[in-house]
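Q: Contents are TSV, C-alpha atoms; file name model_1.tsv:
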chain	number	residue	atom	x	y	z
A	25	MET	CA	-93.92	5.22	10.25
A	26	HIS	CA	-90.13	5.47	10.16
A	27	LYS	CA	-90.20	5.41	6.35
A	28	PHE	CA	-92.53	8.41	6.25
A	29	ILE	CA	-90.47	10.31	8.84
A	30	CYS	CA	-87.31	9.73	6.82
A	31	LEU	CA	-89.01	10.79	3.62
A	32	PHE	CA	-90.34	14.03	5.05
A	33	SER	CA	-86.99	14.84	6.61
A	34	LEU	CA	-85.32	14.43	3.21
A	35	LEU	CA	-87.77	16.58	1.23
A	36	PRO	CA	-86.21	19.97	2.09
A	37	LEU	CA	-82.79	18.59	1.18
A	38	LEU	CA	-84.02	17.16	-2.11
A	39	SER	CA	-85.79	20.40	-2.93
A	40	ALA	CA	-82.66	22.42	-2.24
A	41	CYS	CA	-80.56	20.08	-4.36
A	42	LEU	CA	-82.93	20.36	-7.31
A	43	LYS	CA	-83.20	24.13	-7.03
A	44	ASN	CA	-79.48	24.71	-6.85
A	45	ALA	CA	-78.25	22.10	-9.33
A	46	PRO	CA	-76.32	23.66	-12.24
A	47	GLY	CA	-78.21	23.59	-15.53
A	48	THR	CA	-81.63	23.04	-13.97
A	49	THR	CA	-84.35	24.76	-16.01
A	50	ASP	CA	-86.32	27.44	-14.22
A	51	PHE	CA	-89.69	27.16	-15.95
A	52	SER	CA	-90.88	30.40	-14.40
A	53	THR	CA	-88.62	32.24	-16.85
A	54	VAL	CA	-89.91	30.50	-20.01
A	55	GLN	CA	-91.00	33.04	-22.63
A	56	PRO	CA	-93.77	32.58	-25.22
A	57	VAL	CA	-92.62	31.67	-28.73
A	58	ILE	CA	-94.59	32.17	-31.97
A	59	GLU	CA	-94.43	29.16	-34.31
A	60	GLN	CA	-96.15	27.27	-37.09
A	61	LEU	CA	-97.85	24.17	-35.73
A	62	ASN	CA	-96.72	21.12	-37.72
A	63	PRO	CA	-96.78	17.51	-36.53
A	64	GLN	CA	-93.60	15.50	-36.74
A	65	ASN	CA	-92.93	14.96	-40.43
A	66	TYR	CA	-92.07	11.49	-41.70
A	67	LEU	CA	-92.95	12.34	-45.26
A	68	THR	CA	-89.76	13.77	-46.65
A	69	THR	CA	-86.16	12.60	-46.68
A	70	ALA	CA	-85.02	15.98	-47.98
A	71	ASN	CA	-82.01	17.53	-46.30
A	72	ASN	CA	-82.83	20.30	-43.91
A	73	ALA	CA	-81.21	23.66	-44.46
A	74	GLY	CA	-80.91	24.27	-40.72
A	75	ALA	CA	-83.03	24.82	-37.66
A	76	ASN	CA	-85.21	27.43	-39.36
A	77	THR	CA	-86.41	25.35	-42.31
A	78	TYR	CA	-88.73	22.52	-41.40
A	79	PRO	CA	-90.04	20.42	-44.34
A	80	TYR	CA	-93.70	19.43	-44.22
A	81	PHE	CA	-96.49	19.16	-46.81
A	82	MET	CA	-99.81	20.55	-48.05
A	83	GLN	CA	-102.27	18.37	-49.92
A	84	VAL	CA	-104.64	20.15	-52.31
A	85	ARG	CA	-107.67	18.42	-53.77
A	86	VAL	CA	-107.93	18.48	-57.56
A	87	ASP	CA	-111.49	18.41	-58.93
A	88	SER	CA	-113.62	20.11	-61.55
A	89	THR	CA	-113.80	23.35	-59.53
A	90	TYR	CA	-110.01	23.71	-59.75
A	91	THR	CA	-110.05	25.37	-56.34
A	92	ALA	CA	-108.74	24.02	-53.06
A	93	MET	CA	-107.99	25.33	-49.60
A	94	ASP	CA	-105.55	24.62	-46.82
A	95	SER	CA	-104.50	26.43	-43.68
A	96	ILE	CA	-101.52	27.29	-41.54
A	97	TYR	CA	-101.97	27.26	-37.78
A	98	VAL	CA	-99.86	29.81	-35.94
A	99	GLU	CA	-99.58	29.10	-32.23
A	100	VAL	CA	-98.08	30.43	-29.02
A	101	GLY	CA	-95.58	27.95	-27.66
A	102	GLY	CA	-95.25	28.27	-23.88
A	103	PRO	CA	-97.34	30.64	-21.75
A	104	VAL	CA	-100.15	32.56	-23.44
A	105	ILE	CA	-99.77	36.28	-24.07
A	106	GLY	CA	-101.91	38.82	-22.26
A	107	LYS	CA	-102.57	41.02	-25.29
A	108	ASP	CA	-103.56	40.68	-28.94
A	109	ILE	CA	-100.62	39.89	-31.22
A	110	THR	CA	-100.65	40.37	-35.00
A	111	VAL	CA	-98.53	37.76	-36.76
A	112	THR	CA	-97.48	38.21	-40.39
A	113	LEU	CA	-96.32	35.41	-42.70
A	114	ASP	CA	-94.74	35.60	-46.13
A	115	LEU	CA	-92.51	33.79	-48.62
A	116	ASP	CA	-89.12	32.64	-47.34
A	117	THR	CA	-87.00	32.63	-50.49
A	118	ALA	CA	-83.66	32.90	-48.69
A	119	ASP	CA	-84.09	29.68	-46.71
A	120	PHE	CA	-85.71	28.01	-49.72
A	121	ASN	CA	-82.60	28.65	-51.83
A	122	ILE	CA	-80.39	27.05	-49.18
A	123	PHE	CA	-82.82	24.14	-48.77
A	124	ASN	CA	-83.07	23.59	-52.52
A	125	ALA	CA	-79.30	23.65	-53.02
A	126	LEU	CA	-78.96	20.89	-50.42
A	127	ASN	CA	-81.47	18.85	-52.40
A	128	ALA	CA	-79.90	19.04	-55.86
A	129	ASP	CA	-82.20	21.92	-56.90
A	130	LYS	CA	-85.11	19.48	-57.37
A	131	TYR	CA	-87.75	21.92	-56.12
A	132	GLY	CA	-89.32	25.09	-57.41
A	133	ILE	CA	-91.34	27.70	-55.53
A	134	LEU	CA	-95.06	27.40	-56.22
A	135	PRO	CA	-95.94	30.06	-58.84
A	136	PRO	CA	-97.66	33.10	-57.29
A	137	GLU	CA	-100.61	32.88	-59.67
A	138	ALA	CA	-101.44	29.41	-58.29
A	139	TYR	CA	-102.42	30.55	-54.79
A	140	THR	CA	-103.62	33.49	-52.69
A	141	TRP	CA	-103.93	34.26	-48.99
A	142	THR	CA	-107.69	33.94	-48.49
A	143	ASN	CA	-107.99	36.78	-45.96
A	144	GLY	CA	-104.51	38.26	-46.10
A	145	ASN	CA	-101.21	37.01	-44.74
A	146	SER	CA	-101.62	38.45	-41.22
A	147	ILE	CA	-103.62	37.01	-38.35
A	148	VAL	CA	-104.41	38.20	-34.83
A	149	ILE	CA	-103.76	35.83	-31.95
A	150	LYS	CA	-106.20	37.07	-29.34
A	151	ALA	CA	-105.03	37.75	-25.79
A	152	GLY	CA	-104.99	34.63	-23.62
A	153	THR	CA	-105.48	32.22	-26.55
A	154	HIS	CA	-103.09	29.65	-27.98
A	155	GLY	CA	-103.24	30.39	-31.70
A	156	ALA	CA	-105.11	31.20	-34.90
A	157	GLN	CA	-105.40	29.95	-38.49
A	158	LEU	CA	-104.57	31.60	-41.80
A	159	TYR	CA	-106.12	30.17	-44.97
A	160	LEU	CA	-104.71	29.68	-48.44
A	161	SER	CA	-106.72	29.26	-51.65
A	162	PHE	CA	-105.19	27.28	-54.52
A	163	LYS	CA	-105.97	27.29	-58.24
A	164	THR	CA	-105.14	23.69	-59.05
A	165	ASN	CA	-105.43	24.12	-62.84
A	166	LEU	CA	-102.37	26.39	-62.57
A	167	ILE	CA	-100.27	23.82	-60.74
A	168	ASP	CA	-98.17	21.38	-62.76
A	169	PHE	CA	-98.13	18.36	-60.45
A	170	SER	CA	-95.47	16.67	-62.54
A	171	LYS	CA	-93.07	19.18	-60.98
A	172	SER	CA	-91.90	19.30	-57.36
A	173	TYR	CA	-93.20	22.52	-55.88
A	174	ILE	CA	-92.63	23.94	-52.43
A	175	LEU	CA	-94.41	26.83	-50.78
A	176	PRO	CA	-91.83	28.24	-48.32
A	177	ILE	CA	-93.63	30.16	-45.59
A	178	ALA	CA	-91.98	32.00	-42.69
A	179	ILE	CA	-93.26	34.07	-39.80
A	180	LYS	CA	-91.88	37.48	-40.70
A	181	ASP	CA	-93.22	39.58	-37.82
A	182	ALA	CA	-94.86	38.93	-34.44
A	183	GLU	CA	-94.90	42.43	-32.90
A	184	GLY	CA	-91.71	41.90	-30.98
A	185	GLN	CA	-92.52	38.40	-29.71
A	186	ILE	CA	-89.90	35.66	-30.06
A	187	ILE	CA	-90.23	33.71	-33.33
A	188	SER	CA	-89.33	30.03	-33.13
A	189	LYS	CA	-85.97	29.02	-34.59
A	190	ASN	CA	-87.26	25.49	-35.31
A	191	TYR	CA	-90.81	26.13	-36.48
A	192	GLY	CA	-90.70	29.74	-37.59
A	193	ALA	CA	-90.34	28.71	-41.25
A	194	THR	CA	-91.71	25.70	-43.11
A	195	MET	CA	-91.02	24.22	-46.54
A	196	TYR	CA	-94.50	23.00	-47.58
A	197	THR	CA	-94.29	20.39	-50.34
A	198	ILE	CA	-97.43	20.67	-52.50
A	199	ILE	CA	-99.10	17.26	-52.95
A	200	PRO	CA	-102.25	16.56	-55.03
A	201	GLY	CA	-105.31	14.69	-53.79
A	202	ASN	CA	-107.97	13.24	-56.09
A	203	GLN	CA	-111.43	14.76	-56.52
A	204	TYR	CA	-113.12	12.48	-53.98
A	205	SER	CA	-110.90	13.33	-51.02
A	206	GLY	CA	-112.03	15.71	-48.31
A	207	LEU	CA	-114.03	16.03	-45.11
A	208	TYR	CA	-117.50	14.48	-45.21
A	209	GLU	CA	-120.51	14.44	-42.90
A	210	SER	CA	-121.56	10.81	-42.49
A	211	VAL	CA	-125.08	9.74	-41.43
A	212	GLY	CA	-126.78	6.38	-41.53
A	213	LYS	CA	-127.16	3.16	-39.59
A	214	ARG	CA	-125.67	-0.28	-39.02
A	215	VAL	CA	-128.23	-2.99	-38.35
A	216	GLN	CA	-127.08	-6.10	-36.51
A	217	GLY	CA	-130.02	-8.41	-35.84
A	218	SER	CA	-132.49	-6.44	-33.71
A	219	VAL	CA	-129.90	-3.80	-32.79
A	220	THR	CA	-129.51	-0.60	-34.79
A	221	ASN	CA	-126.35	1.49	-34.38
A	222	THR	CA	-126.63	5.09	-35.54
A	223	ILE	CA	-123.92	6.61	-37.71
A	224	GLY	CA	-123.43	10.34	-37.21
A	225	ASP	CA	-119.90	11.58	-37.64
A	226	LEU	CA	-117.37	13.54	-39.64
A	227	LYS	CA	-115.12	11.34	-41.74
A	228	PHE	CA	-112.06	12.28	-43.73
A	229	LEU	CA	-111.87	10.46	-47.06
A	230	TYR	CA	-108.28	10.48	-48.15
A	231	ASP	CA	-106.17	9.80	-51.20
A	232	ILE	CA	-102.47	9.51	-50.40
A	233	SER	CA	-101.26	8.27	-53.78
A	234	GLY	CA	-99.72	11.72	-54.32
A	235	PHE	CA	-97.43	11.10	-51.36
A	236	TYR	CA	-96.12	7.94	-53.00
A	237	VAL	CA	-95.36	9.83	-56.18
A	238	ALA	CA	-93.57	12.62	-54.29
A	239	GLN	CA	-91.96	10.65	-51.46
A	240	GLY	CA	-92.04	6.98	-52.46
A	241	SER	CA	-93.68	5.86	-49.20
A	242	PHE	CA	-96.08	6.73	-46.41
A	243	PRO	CA	-95.68	6.02	-42.66
A	244	THR	CA	-97.60	2.95	-41.36
A	245	SER	CA	-98.71	1.99	-44.87
A	246	ALA	CA	-97.87	-1.59	-45.81
A	247	HIS	CA	-97.65	-0.78	-49.52
A	248	GLY	CA	-98.87	1.74	-52.06
A	249	PRO	CA	-99.15	2.73	-55.73
A	250	SER	CA	-96.38	4.23	-57.83
A	251	THR	CA	-98.71	6.62	-59.70
A	252	LEU	CA	-101.62	8.87	-58.82
A	253	VAL	CA	-104.88	6.98	-58.24
A	254	PRO	CA	-107.77	9.08	-59.58
A	255	ASN	CA	-110.79	7.05	-58.43
A	256	ILE	CA	-110.21	5.56	-54.95
A	257	VAL	CA	-110.49	7.10	-51.48
A	258	VAL	CA	-110.09	5.45	-48.09
A	259	ALA	CA	-112.49	5.89	-45.18
A	260	ASN	CA	-113.21	4.51	-41.74
A	261	CYS	CA	-115.78	1.73	-41.85
A	262	ALA	CA	-119.32	2.14	-40.52
A	263	ASP	CA	-119.84	3.56	-37.01
A	264	GLN	CA	-117.36	4.32	-34.25
A	265	ALA	CA	-117.87	0.92	-32.61
A	266	VAL	CA	-116.41	-0.68	-35.75
A	267	TYR	CA	-113.56	1.62	-36.75
A	268	MET	CA	-112.55	2.68	-33.24
A	269	GLY	CA	-112.88	-0.74	-31.64
A	270	ILE	CA	-111.92	-3.00	-34.55
A	271	GLY	CA	-109.92	-0.69	-36.82
A	272	VAL	CA	-111.53	-1.60	-40.15
A	273	GLN	CA	-111.01	0.80	-43.06
A	274	MET	CA	-112.51	0.62	-46.52
A	275	ASP	CA	-111.66	1.57	-50.10
A	276	LEU	CA	-114.38	3.40	-52.02
A	277	ILE	CA	-113.82	2.72	-55.71
A	278	VAL	CA	-115.68	5.11	-58.00
A	279	HIS	CA	-116.39	3.76	-61.49
A	280	PRO	CA	-116.94	5.81	-64.70
A	281	ASP	CA	-120.75	5.52	-64.33
A	282	ASN	CA	-120.44	6.84	-60.72
A	283	SER	CA	-121.32	3.50	-59.21
A	284	VAL	CA	-119.17	2.70	-56.18
A	285	THR	CA	-117.64	-0.54	-54.92
A	286	VAL	CA	-116.92	-0.84	-51.19
A	287	THR	CA	-114.02	-3.13	-50.29
A	288	ASN	CA	-111.49	-3.61	-47.52
A	289	ASP	CA	-108.52	-1.27	-47.87
A	290	THR	CA	-106.08	-3.17	-50.03
A	291	LEU	CA	-104.65	-0.11	-51.79
A	292	TYR	CA	-102.53	1.05	-48.85
A	293	GLY	CA	-102.92	-1.79	-46.36
A	294	PHE	CA	-104.38	0.35	-43.58
A	295	GLY	CA	-106.66	-0.98	-40.89
A	296	LYS	CA	-107.54	-4.49	-39.83
A	297	GLN	CA	-109.06	-7.13	-42.07
A	298	THR	CA	-111.20	-8.57	-39.27
A	299	TYR	CA	-114.41	-8.09	-41.26
A	300	LEU	CA	-114.59	-8.99	-44.95
A	301	LEU	CA	-116.67	-6.22	-46.51
A	302	LYS	CA	-119.32	-7.09	-49.09
A	303	SER	CA	-120.49	-4.21	-51.29
A	304	GLY	CA	-124.15	-3.51	-52.03
A	305	PRO	CA	-125.60	-0.98	-54.52
A	306	SER	CA	-123.66	2.24	-53.95
A	307	THR	CA	-123.31	5.49	-55.90
A	308	TYR	CA	-121.52	8.83	-56.01
A	309	ASP	CA	-123.18	12.14	-56.96
A	310	PRO	CA	-120.47	14.24	-58.69
A	311	VAL	CA	-122.55	17.43	-58.53
A	312	LYS	CA	-123.49	17.35	-54.84
A	313	HIS	CA	-120.37	15.36	-53.82
A	314	ILE	CA	-122.37	12.71	-51.98
A	315	PHE	CA	-121.55	9.03	-51.45
A	316	SER	CA	-124.63	6.82	-50.92
A	317	LEU	CA	-123.29	3.51	-49.68
A	318	SER	CA	-124.65	0.10	-48.78
A	319	TYR	CA	-122.41	-2.70	-47.59
A	320	GLY	CA	-122.22	-5.43	-45.01
A	321	PHE	CA	-120.00	-7.90	-43.19
A	322	VAL	CA	-120.11	-10.94	-40.93
A	323	ASP	CA	-118.27	-11.11	-37.62
A	324	PRO	CA	-116.05	-14.21	-38.03
A	325	TYR	CA	-116.11	-14.91	-34.29
A	326	SER	CA	-119.77	-14.46	-33.36
A	327	GLY	CA	-121.29	-15.13	-36.76
A	328	ASP	CA	-123.38	-11.95	-36.44
A	329	SER	CA	-124.03	-10.08	-39.66
A	330	SER	CA	-124.26	-6.30	-40.05
A	331	VAL	CA	-125.86	-4.33	-42.86
A	332	VAL	CA	-124.76	-0.72	-43.28
A	333	SER	CA	-126.49	2.14	-45.07
A	334	GLU	CA	-124.45	5.35	-45.05
A	335	VAL	CA	-124.65	8.72	-46.78
A	336	MET	CA	-121.54	10.87	-46.81
A	337	THR	CA	-121.78	14.52	-47.94
A	338	ARG	CA	-118.65	16.58	-48.54
A	339	VAL	CA	-118.41	19.62	-46.29
A	340	GLN	CA	-114.85	20.72	-47.01
Starting from the file, lay out its structure as structure tokens.

A:
Amino acid sequence: MHKFICLFSLLPLLSACLKNAPGTTDFSTVQPVIEQLNPQNYLTTANNAGANTYPYFMQVRVDSTYTAMDSIYVEVGGPVIGKDITVTLDLDTADFNIFNALNADKYGILPPEAYTWTNGNSIVIKAGTHGAQLYLSFKTNLIDFSKSYILPIAIKDAEGQIISKNYGATMYTIIPGNQYSGLYESVGKRVQGSVTNTIGDLKFLYDISGFYVAQGSFPTSAHGPSTLVPNIVVANCADQAVYMGIGVQMDLIVHPDNSVTVTNDTLYGFGKQTYLLKSGPSTYDPVKHIFSLSYGFVDPYSGDSSVVSEVMTRVQ
């Protein structure tokens, strides 16, 4: 009882101390800030030109269509705004020139004929919402991936709202991805004895060999290639019980006849090697962009075997 009495008697004092302490942030005065949403970037060692040039990346898939898309998410940092705000983005050549000079002039700005703003370079952030996306369309046959290109994008106008000094401008390094990468809808089943586990998910099949060419490494990857890999993508294995609980990932190796071999991921060293994957008859349809996979594995602890049949159809 005495402990509680003492605590309650101290609360007003503690509150007064916190309120009056010099340098204490008053969060009630925080203003909204308009910024480009980019995760922390481990993928470049390039020198930064200052607080207003943040290096990140865009990966564009290169396939027979020679078209690719990516997006920029513009968000409201801090409290939402009670009215619609039109945000306009455009090239940031001034900061690019400073950035490039600090990096031995190794970069060039992506040629204007190689990309377009899909629906214009302005977007409306609706009242009370946290952000909106702008889309870019790329013509990959007009991009020379042997060169180091950057697309420098800055928020130029936000109708009087504060534009972030840290994330208002971004130096997007353009990285290629092979023709099999992308977002796929995955359906199928994993049969373990008398138990059938349904597969119904979205899976991202990725090729990060372009990062190794541009950056020389990739975070969390044990190793990687020194050149672009045109015929392998990495995916999560089977259903969520396997890749969420066990962490197994798989390489899908596409051969010239469009047959596919399913193996553990040895290209980048991602995931766990708990299950040794054994490939069955598997194929890739280059017209419909569909992987039809069969593979299996044995649990080394229980001895239970699983047989997987999975169809993955590209949706983006």

Q: Residues within 6 Å of (-105.2, 35.1, -46.5), file coordinates, counting only C-alpha atoms: what are they? Give the list as a ChimeraX atom specification.

A: /A:141-145,158-160

Q: May I have the residues at most 12 Å from (-105.4, -2.6, -51.8) in the file's coordinates, counting all atoms listed in the file, as a ChimeraX atom specification?

A: /A:233,245-249,253,256-258,273-277,286-295,297

Q: When you draw a straight line from atom CA of Ile179 of chain A to atom CA of Asp129 of chain A, how long is it in Å?

A: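 About the pair atom CA of Ile179 of chain A and atom CA of Asp129 of chain A: they are 23.7 Å apart.
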
Q: Rounded to one decimal, what separation in Å do you get between atom CA of Ser283 of chain A and atom CA of Gln216 of chain A?

A: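 Between atom CA of Ser283 of chain A and atom CA of Gln216 of chain A the gap works out to 25.3 Å.
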
Q: Atom CA of Ile270 of chain A and atom CA of His313 of chain A are how many Å apart?

A: 27.9 Å

Q: If we count only C-alpha atoms, what is near Ser218 of chain A at a cut-off of 12 Å, once residues fewer than 3 positions away on the same chain are taken out, given as a ChimeraX atom specification?

A: /A:214-215,221,328-331

Q: Given the choices A:Pro135, A:Gly217, A:Gly155, A:Gly271, which gets closest to Val57 of chain A if the distance is worked out from all atoms listed in the file?

A: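 When distances to Val57 of chain A are compared using all atoms listed in the file, the smallest one comes from A:Gly155.
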
Q: Nearest residue to Met195 of chain A out of A:Asp263, A:Asp116, A:Glu183, A:Asp231, using all atoms listed in the file?

A: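 For Met195 of chain A, the nearest of the given residues is A:Asp116.
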